[in-house]
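What follows is a set of notes on a single structure, which appears directly below.
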2 protein chains.
Amino acid sequence: MHIDLDATFAALADPTRRAILARLATGEATVTELAAPFAMSQPAISKHLRVLERAGLISRSRSAQRRPCRLNAGPLQEATAWLAAYRDHWAESYQRLDNLLDELRATEETAAGEPAEAEGGDRA
Amino acid sequence: MHIDLDATFAALADPTRRAILARLATGEATVTELAAPFAMSQPAISKHLRVLERAGLISRSRSAQRRPCRLNAGPLQEATAWLAAYRDHWAESYQRLDNLLDELRATEETAAGEPAEAEGGDRA
């Protein structure tokens, strides 16, 4: 299945749709069951479900009378992977900054007359 | 800082904005620098930057002439946390399904004449 990150993130940008996904994470449910906790008409819920379905986040049985909705994990995994890759990069930036601060601190200590020990002697 | 998940996910629902965030993960950059890799006018890039700024994903120095943009990790961490909580739940559903399948398999083996050992005797 082709996963469209634009559609995934756009679908996640609504509290009702996030609540529907959280509900479906516990198991499949009908439109009536999904609508129950919200002060919202069934057509309004159906509209949110269509957004989730187009984004590939949920699928609905075509044959059964009840047509229960179920969650598809794929797009959520892709979204998580994008954010995780990104967070790693961000963490690395912090690590580089930490290393730089350590170096600056070592240099300052040397300049202040602290014994440089082995660190200063490494440079040829 | 108040983090609005709706605004975060909406801001992420665009490939140019995701590319800008990926670029800023490597360090701060000016609007000109951010616009360079895109076949897009500077005003178009500025519009994307305003969306990212309103979502709290980036901030811009008010005082400096260059006004470089920098990344704010907070909203991305919140978005990752939401997805992670969700994924855990999803993984649990799979675990429950696995357990159920194991039980069914054990029952079938018993029905097929395999020695039932202790399992069958547990029911009072």
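Just so we're on the same page: first chain in the structure tokens is A, next is B, and so on; residues restart at 1 for each chain, and ligands are numbered from 1 in the order they show up.
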Please, which residues in chain B fall within 10 Å of chain A when counting only C-alpha atoms, and what is the closest atom pair and distance in Å to one decimal for each, ordered by chain then residue number, as JSON lines?
```
{"residue": "B:Asp4", "atom": "CA", "partner": "A:Ala13", "partner_atom": "CA", "distance": 9.4}
{"residue": "B:Leu5", "atom": "CA", "partner": "A:Ala13", "partner_atom": "CA", "distance": 6.8}
{"residue": "B:Asp6", "atom": "CA", "partner": "A:Ala13", "partner_atom": "CA", "distance": 4.2}
{"residue": "B:Ala7", "atom": "CA", "partner": "A:Ala13", "partner_atom": "CA", "distance": 6.7}
{"residue": "B:Thr8", "atom": "CA", "partner": "A:Ala13", "partner_atom": "CA", "distance": 7.4}
{"residue": "B:Phe9", "atom": "CA", "partner": "A:Ala13", "partner_atom": "CA", "distance": 4.8}
{"residue": "B:Ala10", "atom": "CA", "partner": "A:Ala13", "partner_atom": "CA", "distance": 5.1}
{"residue": "B:Ala11", "atom": "CA", "partner": "A:Phe9", "partner_atom": "CA", "distance": 8.2}
{"residue": "B:Leu12", "atom": "CA", "partner": "A:Phe9", "partner_atom": "CA", "distance": 6.0}
{"residue": "B:Ala13", "atom": "CA", "partner": "A:Asp6", "partner_atom": "CA", "distance": 4.1}
{"residue": "B:Asp14", "atom": "CA", "partner": "A:Asp6", "partner_atom": "CA", "distance": 5.5}
{"residue": "B:Pro15", "atom": "CA", "partner": "A:Asp6", "partner_atom": "CA", "distance": 7.0}
{"residue": "B:Arg18", "atom": "CA", "partner": "A:Trp82", "partner_atom": "CA", "distance": 9.3}
{"residue": "B:Leu21", "atom": "CA", "partner": "A:Tyr86", "partner_atom": "CA", "distance": 8.4}
{"residue": "B:Ala22", "atom": "CA", "partner": "A:Tyr86", "partner_atom": "CA", "distance": 6.6}
{"residue": "B:Arg23", "atom": "CA", "partner": "A:Tyr86", "partner_atom": "CA", "distance": 9.9}
{"residue": "B:Leu24", "atom": "CA", "partner": "A:Trp90", "partner_atom": "CA", "distance": 8.9}
{"residue": "B:Ala25", "atom": "CA", "partner": "A:Trp90", "partner_atom": "CA", "distance": 5.3}
{"residue": "B:Thr26", "atom": "CA", "partner": "A:Ser93", "partner_atom": "CA", "distance": 6.6}
{"residue": "B:Gly27", "atom": "CA", "partner": "A:Ser93", "partner_atom": "CA", "distance": 7.5}
{"residue": "B:Leu71", "atom": "CA", "partner": "A:Trp90", "partner_atom": "CA", "distance": 8.8}
{"residue": "B:Asn72", "atom": "CA", "partner": "A:Trp90", "partner_atom": "CA", "distance": 9.6}
{"residue": "B:Ala73", "atom": "CA", "partner": "A:Trp90", "partner_atom": "CA", "distance": 7.6}
{"residue": "B:Leu76", "atom": "CA", "partner": "A:Leu83", "partner_atom": "CA", "distance": 7.0}
{"residue": "B:Gln77", "atom": "CA", "partner": "A:Arg87", "partner_atom": "CA", "distance": 7.9}
{"residue": "B:Ala79", "atom": "CA", "partner": "A:Leu83", "partner_atom": "CA", "distance": 8.1}
{"residue": "B:Thr80", "atom": "CA", "partner": "A:Leu83", "partner_atom": "CA", "distance": 6.4}
{"residue": "B:Ala81", "atom": "CA", "partner": "A:Thr80", "partner_atom": "CA", "distance": 9.3}
{"residue": "B:Trp82", "atom": "CA", "partner": "A:Arg18", "partner_atom": "CA", "distance": 9.3}
{"residue": "B:Leu83", "atom": "CA", "partner": "A:Thr80", "partner_atom": "CA", "distance": 6.4}
{"residue": "B:Ala84", "atom": "CA", "partner": "A:Thr80", "partner_atom": "CA", "distance": 7.4}
{"residue": "B:Ala85", "atom": "CA", "partner": "A:Ala22", "partner_atom": "CA", "distance": 9.3}
{"residue": "B:Tyr86", "atom": "CA", "partner": "A:Ala22", "partner_atom": "CA", "distance": 6.6}
{"residue": "B:Arg87", "atom": "CA", "partner": "A:Leu76", "partner_atom": "CA", "distance": 7.8}
{"residue": "B:Asp88", "atom": "CA", "partner": "A:Ala25", "partner_atom": "CA", "distance": 9.3}
{"residue": "B:His89", "atom": "CA", "partner": "A:Ala25", "partner_atom": "CA", "distance": 6.1}
{"residue": "B:Trp90", "atom": "CA", "partner": "A:Ala25", "partner_atom": "CA", "distance": 5.3}
{"residue": "B:Ala91", "atom": "CA", "partner": "A:Ala25", "partner_atom": "CA", "distance": 9.0}
{"residue": "B:Glu92", "atom": "CA", "partner": "A:Thr26", "partner_atom": "CA", "distance": 8.7}
{"residue": "B:Ser93", "atom": "CA", "partner": "A:Thr26", "partner_atom": "CA", "distance": 6.6}
```
Open item on the list: Neighbouring residues of Ala44 (chain B) were defined as those with any atom within 12 Å, considering only C-alpha atoms; residues of the same chain fewer than 5 positions away were excluded. Please report them as a ChimeraX atom specification.
Closed with: /B:16-17,31-32,34-35,38-39,49-51
Filtering to all heavy atoms, could you give me those residues as a PDB file, in the first residue's frame?
```pdb
ATOM      1  N   THR B  16       7.118  20.249   1.904  1.00  0.00           N
ATOM      2  CA  THR B  16       8.081  21.363   2.008  1.00  0.00           C
ATOM      3  C   THR B  16       8.363  21.661   3.474  1.00  0.00           C
ATOM      4  O   THR B  16       9.514  21.839   3.878  1.00  0.00           O
ATOM      5  CB  THR B  16       7.545  22.637   1.310  1.00  0.00           C
ATOM      6  OG1 THR B  16       7.223  22.311  -0.039  1.00  0.00           O
ATOM      7  CG2 THR B  16       8.561  23.755   1.333  1.00  0.00           C
ATOM      8  N   ARG B  17       7.295  21.693   4.290  1.00  0.00           N
ATOM      9  CA  ARG B  17       7.495  21.981   5.712  1.00  0.00           C
ATOM     10  C   ARG B  17       8.283  20.874   6.395  1.00  0.00           C
ATOM     11  O   ARG B  17       9.140  21.145   7.249  1.00  0.00           O
ATOM     12  CB  ARG B  17       6.144  22.218   6.410  1.00  0.00           C
ATOM     13  CG  ARG B  17       5.496  23.542   5.963  1.00  0.00           C
ATOM     14  CD  ARG B  17       4.396  23.993   6.909  1.00  0.00           C
ATOM     15  NE  ARG B  17       3.231  23.141   6.872  1.00  0.00           N
ATOM     16  CZ  ARG B  17       2.163  23.336   6.103  1.00  0.00           C
ATOM     17  NH1 ARG B  17       2.120  24.364   5.268  1.00  0.00           N
ATOM     18  NH2 ARG B  17       1.132  22.527   6.143  1.00  0.00           N
ATOM     19  N   VAL B  31      16.020  32.426   6.092  1.00  0.00           N
ATOM     20  CA  VAL B  31      14.972  32.158   5.101  1.00  0.00           C
ATOM     21  C   VAL B  31      15.603  31.905   3.728  1.00  0.00           C
ATOM     22  O   VAL B  31      15.196  30.975   3.015  1.00  0.00           O
ATOM     23  CB  VAL B  31      13.967  33.334   5.025  1.00  0.00           C
ATOM     24  CG1 VAL B  31      12.899  33.075   3.978  1.00  0.00           C
ATOM     25  CG2 VAL B  31      13.320  33.572   6.375  1.00  0.00           C
ATOM     26  N   THR B  32      16.605  32.701   3.367  1.00  0.00           N
ATOM     27  CA  THR B  32      17.284  32.542   2.073  1.00  0.00           C
ATOM     28  C   THR B  32      17.909  31.157   1.964  1.00  0.00           C
ATOM     29  O   THR B  32      17.770  30.482   0.946  1.00  0.00           O
ATOM     30  CB  THR B  32      18.389  33.621   1.917  1.00  0.00           C
ATOM     31  OG1 THR B  32      17.841  34.880   2.310  1.00  0.00           O
ATOM     32  CG2 THR B  32      18.893  33.701   0.497  1.00  0.00           C
ATOM     33  N   LEU B  34      17.028  28.508   3.660  1.00  0.00           N
ATOM     34  CA  LEU B  34      15.964  27.494   3.648  1.00  0.00           C
ATOM     35  C   LEU B  34      15.290  27.418   2.281  1.00  0.00           C
ATOM     36  O   LEU B  34      14.875  26.342   1.845  1.00  0.00           O
ATOM     37  CB  LEU B  34      14.924  27.806   4.729  1.00  0.00           C
ATOM     38  CG  LEU B  34      15.383  27.584   6.175  1.00  0.00           C
ATOM     39  CD1 LEU B  34      14.338  28.109   7.147  1.00  0.00           C
ATOM     40  CD2 LEU B  34      15.659  26.105   6.447  1.00  0.00           C
ATOM     41  N   ALA B  35      15.180  28.570   1.593  1.00  0.00           N
ATOM     42  CA  ALA B  35      14.496  28.615   0.293  1.00  0.00           C
ATOM     43  C   ALA B  35      15.343  27.986  -0.813  1.00  0.00           C
ATOM     44  O   ALA B  35      14.786  27.442  -1.784  1.00  0.00           O
ATOM     45  CB  ALA B  35      14.157  30.057  -0.066  1.00  0.00           C
ATOM     46  N   PHE B  38      14.557  24.711  -2.822  1.00  0.00           N
ATOM     47  CA  PHE B  38      13.199  24.555  -3.361  1.00  0.00           C
ATOM     48  C   PHE B  38      12.969  25.449  -4.579  1.00  0.00           C
ATOM     49  O   PHE B  38      13.460  26.572  -4.628  1.00  0.00           O
ATOM     50  CB  PHE B  38      12.141  24.903  -2.302  1.00  0.00           C
ATOM     51  CG  PHE B  38      12.236  24.040  -1.077  1.00  0.00           C
ATOM     52  CD1 PHE B  38      12.808  24.527   0.088  1.00  0.00           C
ATOM     53  CD2 PHE B  38      11.787  22.727  -1.110  1.00  0.00           C
ATOM     54  CE1 PHE B  38      12.915  23.724   1.214  1.00  0.00           C
ATOM     55  CE2 PHE B  38      11.896  21.929   0.016  1.00  0.00           C
ATOM     56  CZ  PHE B  38      12.458  22.413   1.177  1.00  0.00           C
ATOM     57  N   ALA B  39      12.200  24.943  -5.539  1.00  0.00           N
ATOM     58  CA  ALA B  39      11.793  25.754  -6.690  1.00  0.00           C
ATOM     59  C   ALA B  39      10.569  26.552  -6.265  1.00  0.00           C
ATOM     60  O   ALA B  39       9.457  26.320  -6.726  1.00  0.00           O
ATOM     61  CB  ALA B  39      11.472  24.844  -7.869  1.00  0.00           C
ATOM     62  N   LEU B  49       6.996  28.994   6.717  1.00  0.00           N
ATOM     63  CA  LEU B  49       7.678  29.265   7.992  1.00  0.00           C
ATOM     64  C   LEU B  49       6.693  29.819   9.018  1.00  0.00           C
ATOM     65  O   LEU B  49       6.787  29.486  10.205  1.00  0.00           O
ATOM     66  CB  LEU B  49       8.849  30.232   7.788  1.00  0.00           C
ATOM     67  CG  LEU B  49      10.026  29.681   6.978  1.00  0.00           C
ATOM     68  CD1 LEU B  49      11.092  30.757   6.784  1.00  0.00           C
ATOM     69  CD2 LEU B  49      10.637  28.448   7.639  1.00  0.00           C
ATOM     70  N   ARG B  50       5.743  30.639   8.558  1.00  0.00           N
ATOM     71  CA  ARG B  50       4.742  31.187   9.490  1.00  0.00           C
ATOM     72  C   ARG B  50       3.877  30.057  10.066  1.00  0.00           C
ATOM     73  O   ARG B  50       3.525  30.079  11.242  1.00  0.00           O
ATOM     74  CB  ARG B  50       3.874  32.251   8.804  1.00  0.00           C
ATOM     75  CG  ARG B  50       4.559  33.623   8.777  1.00  0.00           C
ATOM     76  CD  ARG B  50       3.565  34.736   8.470  1.00  0.00           C
ATOM     77  NE  ARG B  50       2.989  34.616   7.142  1.00  0.00           N
ATOM     78  CZ  ARG B  50       3.553  35.039   6.005  1.00  0.00           C
ATOM     79  NH1 ARG B  50       4.730  35.642   6.042  1.00  0.00           N
ATOM     80  NH2 ARG B  50       2.967  34.880   4.837  1.00  0.00           N
ATOM     81  N   VAL B  51       3.519  29.078   9.221  1.00  0.00           N
ATOM     82  CA  VAL B  51       2.740  27.922   9.704  1.00  0.00           C
ATOM     83  C   VAL B  51       3.537  27.161  10.770  1.00  0.00           C
ATOM     84  O   VAL B  51       3.012  26.815  11.832  1.00  0.00           O
ATOM     85  CB  VAL B  51       2.353  26.977   8.534  1.00  0.00           C
ATOM     86  CG1 VAL B  51       1.651  25.718   9.055  1.00  0.00           C
ATOM     87  CG2 VAL B  51       1.455  27.698   7.532  1.00  0.00           C
TER      88      VAL B  51
END
```
